[in-house]
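Participant: First the structure, which I've put down as structure tokens, then a few questions once you've had a look.
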Amino acid sequence: MSKQGISCGLDFPVVPDLQACISKTLQNNYSFVVFPIAHPRFRRNYVLGKPSVGGFTRCDMILSAPDWTTRIVGKMSSYLNVDVPSPVARQRYEDCMNEELSYCRGLGLSAIMLNLHGKDSNNLSRLIRSYFDNSHHPSLIWVQLPLVCEKTIREFKIKNDDSEEHDEPWQETWKWWSQFHARLEFDKRVGAVLELTPDLPPSHLLHHWLGEPVKAIILPTSIFQTNKKGYPVLSRAHKDFVLQMISRDAQVIITGAHHCNVDYYFIYLHKVWNLRPKENDPMLDFALGWEDYIQTPLQPLADNLDTHTYNVFEKDPIKYNQYQKALVQALLDLKEEEPSYNCTETKEERVNYQPNEDNSNKTDETESHEKSNYKNLESDQGDNKKIKKTFTIMVLGAGRGPLIKAALNASEITGTQIIAVEKNPVAVVVLTALIRELWQGRNVQVVSGDMRYIQQDTQADIIKQNQYPTLCSNSATVTSECRTARRAARADYTAAPAHRTGVESDTSRARSISFVLTHAQDWTFLPSSNARAVFILLSSKCATKRKITDENRSFQEKWEEEFCFISGYKEGSWGDNELSPECLDGAAGLLRPGGISIPCAYTSYVTPVSSARLWAAAKGIAGATGIQNSDKNLETIWVVFMQNKYDIADVQPVFTFNHPSEGIKDSEGEIVRDNKGLPMTDNRRSATLTWEAKQNSVLHGFGGYFDCTLYGEHTLSIVPSTHTKGMISWFPVFIPIKVPP
């Protein structure tokens with residue numbers, strides 16, 4: 001929502017003088033006028049191909065073209081119900097509606113409002129689709145419906161004498177809208193206009209509308225109360241709901257008899273807007289204007305990031321501050337404790353650590369490494385021993401150096417060597433200049449190249465990984481087997497799409513949602529390949545049970561991100577990244593035995609969401625060639641700051657990765673190693689999650705989040721319940737499903 005304020009309009013049931021109505025509206029600070037296209041009492045008989053004598057409405061010359069396009073919302077005749085049972089009446093209403101739609105198209109109105117009369121809306125949706133197909137610049141369609149159907153509630157109370165509250169009658173109008181919008185395939189040019197009633201549904205049912213594209217809310221003057229000073233006010237429940245809606249860009253329309261000066265209604269709504277809670281959240285300020293705007297994930301391995309992207313990421317001081325705190329704690333622990341340990345162990349576990357005295361399995365290489373590590377030890381045999389050791393910090397994907405600055409600040413507690421690894425030639429130039437001008441004499445070295453293939457004599461005690469966030473799971477693999485699997489998978493996907501997915505329907509009404517989420521490698525990294533989604537939906541049982549399977553995706557299951565040894569951020573918004581985990585596994589030889597990885601662990605989370613706006617936006621994205629590919633778009637992960645969405649259930653964890661990662665073992669229990677002598681890792685993941693849906697909802701996809709443990713107690717998180725305050729580096733991901741159940 002724009003910080004400038006609230007947008008309000010006035011609804012006129014009858015407009016004898018349109019110019020006077022517009023003047024009155026603007027004088028009272030309202031933004032637009034809603035009025036009927038034809039007189040409400042004019043029930044005409046339209047004959048196809050024969051125009052009405054004298055026309056059916058006023059001439060468009062009474063207003064200028066800018067006024068028609070910016071100040072007017074046309075309201076269709078309310079009696080036009082094109083889904084009535086009578087075929088004669090249905091045809092008559094259909095002809096009249098097409099006539100009014102054609103007139104509005106000629107006026108160039110920004111929006112047209114029509115009524116939704118009930119759950120039967122097949123013919124209406126057909127007419128709207130035909131209108132969109134035959135118009136070069138169609139107006140937006142605003143569908144007016146009451147928030148509560150009073151008739152349904154009365155009939156339900158008559159049939160059910162018990163005093164227990166039921167949700168079903170309160171959801172009737174939402175079902176009307178949901179079915180109508182689904183018939184239009186959730187077209188983003190269609191929005192809902194809710195007319196508030198004196199009685200509101202329970203709060204958990206009102207939250208349903210948070211995931212719908214509500215364009216405006218209608219406030220009848222009859223629901224306003226009069227305070228002690230004689231001014232109109234809303235009840236607390238109505239005020240809270242109005243504030244929720246206008247915070248999601250909904251406009252307000254005042255309708256009904258004016259019991260006081262019409263300006264008072266606007267003044268009150270403006271005060272409600274200004275009295276909203278002021279949240280001092282940098283993320284909200286940073287995301288202003290980007291709400292529900294889906295973006296293509298970055299690919300920092302396939303593409304070199306530009307200066308603008310680096311500038312955006314470097315604006316987040318919280319993230320680098322957390323990394324610096326984690327580095328300080330890690331260096332202090334390394335300085336105080338000689339035994340190797342895992343970074344996920346607690347302080348008490350490390351204090352009680354007992355070193356293994358059995359040196360029978362120690363190799364010559366390990367012994368040589370230990371001697372080199374302690375070559376700089378200085379001991380005072382007379383007093384307490386004072387040990388001085390130079391630690392090596394390696395920053396993988398150093399970018400333009402923000403993590404190097406954090407490492408330099410943290411390393412003031414002890415002697416430290418910093419090695420920065422970066423493949424982007426633009427960033428390498430920046431790092432070289434910083435070493436020459438600012439970090440001269442600070443023992444910082446730049447290595448230009450891919451972290452997977454560089455050869456480094458010195459092994460790191462701590463490795464910092466600076467992987468810029470991408471929200472796509474484009475894992476870059478280093479083994480020839482995986483490359484072969486990729487090529488075979490791409491050929492299989494393009495050659496035989498028919499066998500990939502089978503759909504099985506059931507009429508089960510169990511109120512739960514269950515699906516299998518596979519840690520799969522995304523396909524946008526492959527040239528000319530199709531982006532693939534990372535989940536397999538087993539069933540969504542709130543409405544219809546569907547089973548979607550894919551037998552040839554096992555080779556895809558390499559996706560979640562791994563943070564290579566200490567201090568870097570290779571994770572994306574779902575804990576995934578093109579650089580992780582395979583790139584980090586390929587660079588595992590750069591970390592000495594017992595070294596520390598920061599972050600050392602991270603977990604991805606997912607929650608089912610209902611958001612017609614996000615689903616329609618994802619479907620309508622055009623590719624680089626300007627051609628829309630809806631099938632591909634609905635099988636791709638998107639980065640988005642989600643605002644217009646409804647969380648159907650709570651967030652649940654999905655995949656967890658730890659670093660350094662453990663190698664896979666053969667049938668004899670021995671660790672399998674690659675040609676470099678490094679443990680081979682298997683990053684395939686799958687999980688089955690089940691939620692209980694407490695009310696009917698339309699599942700459009702899943703929201704993805706992550707959190708990670710940097711070191712010790714220092715963490716980063718974008719999970720809503722544990723979001724790191726002030727951090728702006730990552731937006732969540734939206735994972736659409738191809739066919740909402």
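In the structure tokens, the first chain shown is A, the next is B, and so on; residue numbers restart at 1 for each chain, and ligands run from 1 in the order shown.
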Write out as an MDAnalysis selection string all residues of region 633-738 of chain A that backbone DSSP assigns to strand (DSSP E).
Facilitator: chainID A and resid 638:639 646:647 652:658 685:691 701:711 714:717 733:736
Participant: Set the distance at 12 Å and use only C-alpha atoms: which residues neighbour region 437-443 of chain A once local chain neighbours fewer than 2 positions away are removed? I'd like the list as a PyMOL selection string.
Facilitator: chain A and resi 390-394+401+404-405+407-409+411-412+415-420+430-435+445-446
Participant: Would you return as number ranges by chain the members of region 58-107 of chain A that DSSP assigns to helix (DSSP H, G or I) on this structure's backbone?
Facilitator: A: 60-62, 65-71, 87-107
Participant: Quick one: residues within 9 Å of region 65-68 of chain A, only C-alpha atoms counted, chain neighbours fewer than 5 positions away excluded, as a list in words?
Facilitator: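 Once the nearby chain positions are removed, what remains is Ile22, Asp60, Val73, Leu107, Gly108, Leu109 and Ser110 of chain A.
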Participant: Quote the spacing between CA of Asp316 (chain A) and CA of Gly726 (chain A) in Å to one decimal place.
Facilitator: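 Separation of CA of Asp316 (chain A) and CA of Gly726 (chain A): 8.1 Å.
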Participant: Could you name the residues that touch region 174-187 of chain A at 6 Å or less, counting only C-alpha atoms, but leaving out those on the same chain fewer than 5 positions away, as a list in words?
Facilitator: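 Once the nearby chain positions are removed, what remains is Gly118, Lys119, Ala612 and Ala616 of chain A.
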Participant: Taking only C-alpha atoms into account, which of A:Pro736, A:Ser604, A:Glu168, A:Thr69 comes nearest Ser717 (chain A)?
Facilitator: A:Ser604
Participant: Between CA of Phe32 (chain A) and CA of His136 (chain A), measure the distance and give it in Å to one decimal.
Facilitator: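 Value for the CA of Phe32 (chain A)-CA of His136 (chain A) distance: 24.0 Å.
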Participant: Just checking: using only C-alpha atoms, which residue out of A:Ile462, A:Lys319, A:Ser125, A:Lys632 ends up closest to Pro593 (chain A)?
Facilitator: A:Ile462
Participant: Nearest to Val33 (chain A) among A:Ile253, A:Ile223, A:Leu140, A:Val190, with distances taken over only C-alpha atoms: which residue is it?
Facilitator: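 Closest to Val33 (chain A) of all the choices is A:Ile253.
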